[in-house]
$ cat model01.cif   # mmCIF, C-alpha atoms
data_my_file
#
loop_
_atom_site.label_atom_id
_atom_site.label_comp_id
_atom_site.auth_asym_id
_atom_site.auth_seq_id
_atom_site.Cartn_x
_atom_site.Cartn_y
_atom_site.Cartn_z
CA MET Y 26 250.29 62.81 153.71
CA ARG Y 27 248.45 62.62 157.03
CA SER Y 28 244.84 63.75 157.21
CA SER Y 29 244.46 63.88 161.00
CA ILE Y 30 246.53 66.13 163.25
CA GLU Y 31 249.10 64.44 165.44
CA VAL Y 32 251.14 66.50 167.91
CA VAL Y 33 253.71 64.63 169.99
CA GLU Y 34 256.23 65.52 172.65
CA TYR Y 35 259.63 66.74 171.45
CA ASP Y 36 261.95 64.09 170.01
CA PRO Y 37 265.67 64.92 169.96
CA ARG Y 38 266.05 62.63 166.92
CA TRP Y 39 264.35 65.34 164.84
CA VAL Y 40 267.71 67.15 164.65
CA GLN Y 41 269.38 64.11 163.08
CA LEU Y 42 266.44 63.59 160.72
CA PHE Y 43 266.72 67.21 159.56
CA GLU Y 44 270.46 66.76 159.01
CA ALA Y 45 269.89 63.62 156.95
CA LEU Y 46 267.21 65.32 154.84
CA ARG Y 47 269.41 68.39 154.38
CA ASP Y 48 272.33 66.19 153.35
CA SER Y 49 270.11 64.41 150.81
CA VAL Y 50 269.41 67.66 148.91
CA LEU Y 51 272.88 69.18 149.28
CA PRO Y 52 274.34 67.39 146.25
CA VAL Y 53 272.05 69.35 143.91
CA LEU Y 54 271.87 72.59 145.91
CA ALA Y 55 275.33 72.99 147.45
CA ASN Y 56 276.57 75.68 145.08
CA LEU Y 57 273.17 77.38 144.92
CA ALA Y 58 271.70 77.54 148.43
CA VAL Y 59 272.92 80.19 150.84
CA THR Y 60 271.49 78.19 153.72
CA ILE Y 61 269.18 75.28 154.49
CA GLU Y 62 267.36 75.95 157.75
CA HIS Y 63 265.50 73.61 160.08
CA ILE Y 64 262.34 75.58 160.86
CA GLY Y 65 258.98 74.87 162.42
CA SER Y 66 258.25 73.32 165.78
CA THR Y 67 260.56 70.31 165.34
CA SER Y 68 263.47 72.79 165.28
CA VAL Y 69 262.80 74.08 168.81
CA PRO Y 70 264.24 71.89 171.59
CA GLY Y 71 261.55 70.72 174.00
CA LEU Y 72 258.61 71.89 171.87
CA ALA Y 73 255.75 69.49 171.17
CA ALA Y 74 255.18 69.27 167.42
CA LYS Y 75 253.65 67.46 164.52
CA PRO Y 76 256.42 64.94 163.76
CA ILE Y 77 257.18 66.41 160.34
CA ILE Y 78 260.44 68.20 159.56
CA ASP Y 79 260.15 71.63 157.92
CA MET Y 80 263.08 72.94 155.88
CA ASP Y 81 263.62 76.29 154.20
CA VAL Y 82 266.20 76.51 151.43
CA ALA Y 83 267.24 80.14 150.91
CA VAL Y 84 268.86 81.21 147.65
CA PRO Y 85 270.07 84.64 146.50
CA THR Y 86 267.70 85.42 143.59
CA LEU Y 87 264.38 84.44 142.03
CA ALA Y 88 266.35 82.98 139.11
CA ASP Y 89 268.06 80.71 141.63
CA VAL Y 90 264.65 79.58 142.90
CA GLN Y 91 263.85 78.34 139.39
CA ILE Y 92 267.18 76.51 139.17
CA ALA Y 93 266.52 74.90 142.57
CA ILE Y 94 263.09 73.72 141.36
CA GLU Y 95 264.71 72.01 138.37
CA ARG Y 96 267.50 70.46 140.43
CA LEU Y 97 265.20 69.15 143.16
CA ALA Y 98 263.11 67.45 140.45
CA THR Y 99 266.15 65.30 139.62
CA LEU Y 100 265.89 63.89 143.17
CA GLY Y 101 262.17 63.18 142.82
CA TYR Y 102 260.76 66.30 144.50
CA VAL Y 103 257.48 67.47 142.99
CA HIS Y 104 257.00 71.24 142.80
CA GLU Y 105 253.62 72.33 144.23
CA GLY Y 106 253.86 76.08 143.60
CA ASP Y 107 253.73 78.70 146.33
CA LEU Y 108 250.59 77.34 148.10
CA GLY Y 109 249.55 80.92 148.83
CA ALA Y 110 252.86 82.13 150.28
CA LYS Y 111 254.16 84.43 147.56
CA GLY Y 112 257.75 83.72 146.57
CA ARG Y 113 258.07 80.55 148.66
CA GLU Y 114 257.93 77.40 146.56
CA ALA Y 115 256.75 74.14 148.16
CA PHE Y 116 257.60 70.55 147.28
CA ILE Y 117 256.28 67.05 147.80
CA PRO Y 118 259.22 64.84 148.81
CA PRO Y 119 260.14 61.66 146.98
CA ASP Y 120 258.77 58.39 148.37
CA SER Y 121 262.31 57.27 149.21
CA VAL Y 122 262.69 59.70 152.14
CA PRO Y 123 260.59 60.41 155.25
CA TRP Y 124 257.69 62.80 154.69
CA HIS Y 125 258.76 66.41 155.26
CA HIS Y 126 258.01 69.94 154.10
CA LEU Y 127 260.61 71.57 151.86
CA TYR Y 128 260.37 75.18 150.73
CA VAL Y 129 262.66 77.24 148.49
CA CYS Y 130 262.71 81.03 148.56
CA THR Y 131 265.04 84.01 148.41
CA LEU Y 132 266.84 85.29 151.49
CA ASP Y 133 264.62 88.38 151.61
CA ASN Y 134 261.33 86.45 151.46
CA GLU Y 135 258.90 87.60 154.16
CA GLU Y 136 257.72 84.09 155.07
CA TYR Y 137 261.31 82.88 155.39
CA MET Y 138 262.21 85.77 157.71
CA ARG Y 139 259.06 85.12 159.76
CA HIS Y 140 259.99 81.44 160.11
CA LEU Y 141 263.46 82.31 161.43
CA LEU Y 142 262.19 85.00 163.80
CA PHE Y 143 259.54 82.70 165.29
CA ARG Y 144 261.95 79.76 165.64
CA ASP Y 145 264.74 81.84 167.16
CA TYR Y 146 262.38 83.56 169.60
CA LEU Y 147 261.02 80.24 170.87
CA ARG Y 148 264.54 78.80 171.15
CA CYS Y 149 265.48 81.72 173.41
CA HIS Y 150 262.22 81.73 175.40
CA PRO Y 151 261.56 78.18 176.63
CA GLU Y 152 258.54 79.21 178.71
CA ASP Y 153 256.81 80.58 175.61
CA ALA Y 154 257.82 77.43 173.73
CA ARG Y 155 256.27 75.30 176.49
CA MET Y 156 253.04 77.33 176.36
CA TYR Y 157 252.94 76.97 172.58
CA GLY Y 158 253.51 73.22 172.81
CA ASN Y 159 250.72 72.85 175.37
CA LEU Y 160 248.39 74.87 173.15
CA LYS Y 161 249.22 72.69 170.15
CA LEU Y 162 248.63 69.47 172.10
CA LYS Y 163 245.24 70.78 173.26
CA LEU Y 164 244.23 71.98 169.79
CA ALA Y 165 245.30 68.71 168.16
CA GLN Y 166 242.89 66.86 170.45
CA GLN Y 167 240.13 69.42 169.98
CA TYR Y 168 240.51 69.70 166.18
CA HIS Y 169 241.92 66.26 165.40
CA ASN Y 170 240.48 66.18 161.87
CA ASP Y 171 240.17 69.92 161.15
CA ARG Y 172 243.56 71.26 160.04
CA LYS Y 173 242.16 74.71 159.22
CA ALA Y 174 240.63 75.19 162.68
CA TYR Y 175 243.84 73.91 164.32
CA THR Y 176 245.94 76.39 162.32
CA ASP Y 177 243.54 79.29 162.84
CA GLU Y 178 243.36 78.73 166.60
CA LYS Y 179 247.13 78.74 167.09
CA GLY Y 180 247.47 81.80 164.84
CA ASN Y 181 246.83 84.32 167.62
CA PHE Y 182 249.64 82.86 169.70
CA VAL Y 183 252.00 82.96 166.71
CA LYS Y 184 251.08 86.60 166.00
CA GLU Y 185 251.70 87.56 169.62
CA VAL Y 186 255.11 85.86 169.66
CA LEU Y 187 256.10 87.56 166.42
CA LYS Y 188 255.02 90.89 167.85
CA ARG Y 189 257.14 90.33 170.98
CA ALA Y 190 260.02 89.27 168.75
CA GLY Y 191 259.90 92.63 167.00
CA ARG Y 192 257.84 91.98 163.90
CA THR Y 193 255.26 94.68 163.39
#
$ encode --input "model01.cif" --output "structure tokens"
Amino acid sequence: MRSSIEVVEYDPRWVQLFEALRDSVLPVLANLAVTIEHIGSTSVPGLAAKPIIDMDVAVPTLADVQIAIERLATLGYVHEGDLGAKGREAFIPPDSVPWHHLYVCTLDNEEYMRHLLFRDYLRCHPEDARMYGNLKLKLAQQYHNDRKAYTDEKGNFVKEVLKRAGRT
């Protein structure tokens, strides 16, 4: 995992990388997952981002989350717990695939719904996406080795976008 923060201009190959990563987990999740979503900044065309794919796997029930944890382990994914986001389970990917963030949660999980709302808003509002990308590029230079400060500083922008998108 990277220790310094790297934000780069949008790369259209991120879509294909997401599809390849999604297809690599489908064999064990196909009859379990309702959807596997490309989320985060790499999922928004034109948006500068850390070059790491984020994926949310949504399943119907908490029991299905546990089944997904067991099945992903057969592919080499290491379960990390919820990392502070209740009901959203995080995983370390196997060494055989590019580094990415994979999360499993239920369809009604708050963090999952927030991810979709933020992504979809930025996809429909390219000017806001451009402003967010510029902010991230600036913050990555300013807080190159301070992930917490980088995340905290962009938090106000994220909150404002979510508010405009209808999340109260």
$ atom_distance --input "model01.cif" --atom1 "CA of Leu132 (chain Y)" --atom2 "CA of Pro70 (chain Y)"
24.3 Å
$ closest_residue --input "model01.cif" --among "Y:Ala190, Y:Ala115, Y:Ile94, Y:Ile30" --to "Val53 (chain Y)" --atoms "all atoms listed in the file"
Y:Ile94
$ closest_residue --input "model01.cif" --among "Y:Ala58, Y:Ile64, Y:Val33, Y:Leu46" --to "Asp81 (chain Y)" --atoms "all atoms listed in the file"
Y:Ile64
$ closest_residue --input "model01.cif" --among "Y:Ala45, Y:Val59, Y:Val183, Y:Leu97" --to "Ile78 (chain Y)" --atoms "only C-alpha atoms"
Y:Ala45
$ atom_distance --input "model01.cif" --atom1 "CA of Gln167 (chain Y)" --atom2 "CA of Val69 (chain Y)"
23.2 Å
$ closest_residue --input "model01.cif" --among "Y:Glu178, Y:Asp36, Y:Asp171, Y:Asp153" --to "Ser68 (chain Y)" --atoms "only C-alpha atoms"
Y:Asp36
$ residues_around --input "model01.cif" --residues "Lys163 (chain Y)" --least-positions-apart "6" --cutoff "12 Å" --atoms "only C-alpha atoms" --output "ChimeraX atom specification"
/Y:30-33,73-74,156-157,169,175,178-179
$ resolve_selection --input "model01.cif" --expression "the PyMOL selection byres ((chain Y and resi 135) around 12)" --output "PyMOL selection string"
chain Y and resi 83+110-113+130-134+136-142+192
$ decode --input "model01.cif" --residues "region 134-175 of chain Y" --atoms "N, CA and C atoms" --output "PDB file, in the first residue's frame"
ATOM      1  N   ASN Y 134     -26.958   0.041   3.240  1.00  0.00           N
ATOM      2  CA  ASN Y 134     -25.869   0.602   4.037  1.00  0.00           C
ATOM      3  C   ASN Y 134     -25.695   2.088   3.723  1.00  0.00           C
ATOM      4  N   GLU Y 135     -25.588   2.899   4.766  1.00  0.00           N
ATOM      5  CA  GLU Y 135     -25.469   4.352   4.601  1.00  0.00           C
ATOM      6  C   GLU Y 135     -24.240   4.760   3.785  1.00  0.00           C
ATOM      7  N   GLU Y 136     -23.107   4.144   4.070  1.00  0.00           N
ATOM      8  CA  GLU Y 136     -21.875   4.498   3.354  1.00  0.00           C
ATOM      9  C   GLU Y 136     -21.990   4.149   1.870  1.00  0.00           C
ATOM     10  N   TYR Y 137     -22.593   3.015   1.576  1.00  0.00           N
ATOM     11  CA  TYR Y 137     -22.808   2.608   0.185  1.00  0.00           C
ATOM     12  C   TYR Y 137     -23.693   3.629  -0.535  1.00  0.00           C
ATOM     13  N   MET Y 138     -24.781   4.020   0.088  1.00  0.00           N
ATOM     14  CA  MET Y 138     -25.685   4.994  -0.536  1.00  0.00           C
ATOM     15  C   MET Y 138     -24.998   6.341  -0.718  1.00  0.00           C
ATOM     16  N   ARG Y 139     -24.154   6.728   0.236  1.00  0.00           N
ATOM     17  CA  ARG Y 139     -23.401   7.979   0.125  1.00  0.00           C
ATOM     18  C   ARG Y 139     -22.420   7.915  -1.048  1.00  0.00           C
ATOM     19  N   HIS Y 140     -21.744   6.770  -1.192  1.00  0.00           N
ATOM     20  CA  HIS Y 140     -20.811   6.593  -2.315  1.00  0.00           C
ATOM     21  C   HIS Y 140     -21.522   6.797  -3.653  1.00  0.00           C
ATOM     22  N   LEU Y 141     -22.677   6.153  -3.810  1.00  0.00           N
ATOM     23  CA  LEU Y 141     -23.418   6.249  -5.080  1.00  0.00           C
ATOM     24  C   LEU Y 141     -23.909   7.672  -5.327  1.00  0.00           C
ATOM     25  N   LEU Y 142     -24.433   8.317  -4.294  1.00  0.00           N
ATOM     26  CA  LEU Y 142     -24.950   9.672  -4.439  1.00  0.00           C
ATOM     27  C   LEU Y 142     -23.842  10.631  -4.858  1.00  0.00           C
ATOM     28  N   PHE Y 143     -22.692  10.536  -4.200  1.00  0.00           N
ATOM     29  CA  PHE Y 143     -21.560  11.411  -4.518  1.00  0.00           C
ATOM     30  C   PHE Y 143     -21.065  11.151  -5.944  1.00  0.00           C
ATOM     31  N   ARG Y 144     -20.853   9.883  -6.284  1.00  0.00           N
ATOM     32  CA  ARG Y 144     -20.393   9.543  -7.636  1.00  0.00           C
ATOM     33  C   ARG Y 144     -21.367  10.040  -8.690  1.00  0.00           C
ATOM     34  N   ASP Y 145     -22.649   9.749  -8.512  1.00  0.00           N
ATOM     35  CA  ASP Y 145     -23.642  10.098  -9.529  1.00  0.00           C
ATOM     36  C   ASP Y 145     -23.797  11.608  -9.663  1.00  0.00           C
ATOM     37  N   TYR Y 146     -23.693  12.331  -8.549  1.00  0.00           N
ATOM     38  CA  TYR Y 146     -23.766  13.789  -8.622  1.00  0.00           C
ATOM     39  C   TYR Y 146     -22.600  14.330  -9.443  1.00  0.00           C
ATOM     40  N   LEU Y 147     -21.389  13.872  -9.138  1.00  0.00           N
ATOM     41  CA  LEU Y 147     -20.226  14.379  -9.878  1.00  0.00           C
ATOM     42  C   LEU Y 147     -20.274  13.983 -11.349  1.00  0.00           C
ATOM     43  N   ARG Y 148     -20.796  12.815 -11.668  1.00  0.00           N
ATOM     44  CA  ARG Y 148     -20.926  12.414 -13.067  1.00  0.00           C
ATOM     45  C   ARG Y 148     -21.867  13.349 -13.827  1.00  0.00           C
ATOM     46  N   CYS Y 149     -22.871  13.867 -13.142  1.00  0.00           N
ATOM     47  CA  CYS Y 149     -23.859  14.745 -13.778  1.00  0.00           C
ATOM     48  C   CYS Y 149     -23.497  16.223 -13.683  1.00  0.00           C
ATOM     49  N   HIS Y 150     -22.471  16.560 -12.920  1.00  0.00           N
ATOM     50  CA  HIS Y 150     -22.064  17.945 -12.716  1.00  0.00           C
ATOM     51  C   HIS Y 150     -20.551  18.072 -12.945  1.00  0.00           C
ATOM     52  N   PRO Y 151     -20.148  18.088 -14.216  1.00  0.00           N
ATOM     53  CA  PRO Y 151     -18.713  18.088 -14.533  1.00  0.00           C
ATOM     54  C   PRO Y 151     -17.945  19.296 -13.984  1.00  0.00           C
ATOM     55  N   GLU Y 152     -18.598  20.420 -13.814  1.00  0.00           N
ATOM     56  CA  GLU Y 152     -17.901  21.588 -13.252  1.00  0.00           C
ATOM     57  C   GLU Y 152     -17.536  21.329 -11.790  1.00  0.00           C
ATOM     58  N   ASP Y 153     -18.446  20.741 -11.039  1.00  0.00           N
ATOM     59  CA  ASP Y 153     -18.144  20.382  -9.652  1.00  0.00           C
ATOM     60  C   ASP Y 153     -17.059  19.309  -9.603  1.00  0.00           C
ATOM     61  N   ALA Y 154     -17.116  18.364 -10.534  1.00  0.00           N
ATOM     62  CA  ALA Y 154     -16.084  17.323 -10.596  1.00  0.00           C
ATOM     63  C   ALA Y 154     -14.718  17.952 -10.878  1.00  0.00           C
ATOM     64  N   ARG Y 155     -14.683  18.927 -11.778  1.00  0.00           N
ATOM     65  CA  ARG Y 155     -13.414  19.614 -12.088  1.00  0.00           C
ATOM     66  C   ARG Y 155     -12.886  20.344 -10.856  1.00  0.00           C
ATOM     67  N   MET Y 156     -13.771  21.036 -10.145  1.00  0.00           N
ATOM     68  CA  MET Y 156     -13.356  21.746  -8.929  1.00  0.00           C
ATOM     69  C   MET Y 156     -12.830  20.764  -7.882  1.00  0.00           C
ATOM     70  N   TYR Y 157     -13.492  19.636  -7.741  1.00  0.00           N
ATOM     71  CA  TYR Y 157     -13.053  18.625  -6.784  1.00  0.00           C
ATOM     72  C   TYR Y 157     -11.682  18.070  -7.179  1.00  0.00           C
ATOM     73  N   GLY Y 158     -11.505  17.785  -8.459  1.00  0.00           N
ATOM     74  CA  GLY Y 158     -10.215  17.291  -8.939  1.00  0.00           C
ATOM     75  C   GLY Y 158      -9.091  18.286  -8.689  1.00  0.00           C
ATOM     76  N   ASN Y 159      -9.363  19.561  -8.959  1.00  0.00           N
ATOM     77  CA  ASN Y 159      -8.349  20.602  -8.704  1.00  0.00           C
ATOM     78  C   ASN Y 159      -8.015  20.684  -7.223  1.00  0.00           C
ATOM     79  N   LEU Y 160      -9.043  20.592  -6.377  1.00  0.00           N
ATOM     80  CA  LEU Y 160      -8.810  20.611  -4.931  1.00  0.00           C
ATOM     81  C   LEU Y 160      -7.939  19.429  -4.517  1.00  0.00           C
ATOM     82  N   LYS Y 161      -8.241  18.260  -5.030  1.00  0.00           N
ATOM     83  CA  LYS Y 161      -7.477  17.065  -4.669  1.00  0.00           C
ATOM     84  C   LYS Y 161      -6.024  17.166  -5.134  1.00  0.00           C
ATOM     85  N   LEU Y 162      -5.799  17.689  -6.333  1.00  0.00           N
ATOM     86  CA  LEU Y 162      -4.425  17.871  -6.816  1.00  0.00           C
ATOM     87  C   LEU Y 162      -3.648  18.820  -5.901  1.00  0.00           C
ATOM     88  N   LYS Y 163      -4.300  19.913  -5.511  1.00  0.00           N
ATOM     89  CA  LYS Y 163      -3.663  20.892  -4.620  1.00  0.00           C
ATOM     90  C   LYS Y 163      -3.363  20.270  -3.255  1.00  0.00           C
ATOM     91  N   LEU Y 164      -4.342  19.570  -2.698  1.00  0.00           N
ATOM     92  CA  LEU Y 164      -4.167  18.977  -1.373  1.00  0.00           C
ATOM     93  C   LEU Y 164      -3.117  17.871  -1.377  1.00  0.00           C
ATOM     94  N   ALA Y 165      -3.031  17.123  -2.468  1.00  0.00           N
ATOM     95  CA  ALA Y 165      -2.031  16.057  -2.557  1.00  0.00           C
ATOM     96  C   ALA Y 165      -0.621  16.642  -2.534  1.00  0.00           C
ATOM     97  N   GLN Y 166      -0.437  17.809  -3.127  1.00  0.00           N
ATOM     98  CA  GLN Y 166       0.865  18.476  -3.062  1.00  0.00           C
ATOM     99  C   GLN Y 166       1.121  19.031  -1.668  1.00  0.00           C
ATOM    100  N   GLN Y 167       0.090  19.644  -1.101  1.00  0.00           N
ATOM    101  CA  GLN Y 167       0.219  20.283   0.211  1.00  0.00           C
ATOM    102  C   GLN Y 167       0.413  19.264   1.330  1.00  0.00           C
ATOM    103  N   TYR Y 168      -0.296  18.138   1.253  1.00  0.00           N
ATOM    104  CA  TYR Y 168      -0.277  17.121   2.316  1.00  0.00           C
ATOM    105  C   TYR Y 168       0.237  15.785   1.782  1.00  0.00           C
ATOM    106  N   HIS Y 169       1.307  15.838   1.030  1.00  0.00           N
ATOM    107  CA  HIS Y 169       1.831  14.669   0.318  1.00  0.00           C
ATOM    108  C   HIS Y 169       1.991  13.433   1.208  1.00  0.00           C
ATOM    109  N   ASN Y 170       2.395  13.629   2.445  1.00  0.00           N
ATOM    110  CA  ASN Y 170       2.627  12.491   3.348  1.00  0.00           C
ATOM    111  C   ASN Y 170       1.696  12.485   4.559  1.00  0.00           C
ATOM    112  N   ASP Y 171       0.583  13.208   4.468  1.00  0.00           N
ATOM    113  CA  ASP Y 171      -0.347  13.295   5.597  1.00  0.00           C
ATOM    114  C   ASP Y 171      -1.760  12.961   5.108  1.00  0.00           C
ATOM    115  N   ARG Y 172      -2.057  11.667   5.060  1.00  0.00           N
ATOM    116  CA  ARG Y 172      -3.334  11.190   4.530  1.00  0.00           C
ATOM    117  C   ARG Y 172      -4.523  11.749   5.319  1.00  0.00           C
ATOM    118  N   LYS Y 173      -4.381  11.848   6.633  1.00  0.00           N
ATOM    119  CA  LYS Y 173      -5.482  12.349   7.455  1.00  0.00           C
ATOM    120  C   LYS Y 173      -5.797  13.800   7.112  1.00  0.00           C
ATOM    121  N   ALA Y 174      -4.779  14.643   7.011  1.00  0.00           N
ATOM    122  CA  ALA Y 174      -4.993  16.048   6.672  1.00  0.00           C
ATOM    123  C   ALA Y 174      -5.603  16.170   5.271  1.00  0.00           C
ATOM    124  N   TYR Y 175      -5.114  15.386   4.328  1.00  0.00           N
ATOM    125  CA  TYR Y 175      -5.651  15.386   2.964  1.00  0.00           C
ATOM    126  C   TYR Y 175      -7.145  15.056   2.991  1.00  0.00           C
TER     127      TYR Y 175
END
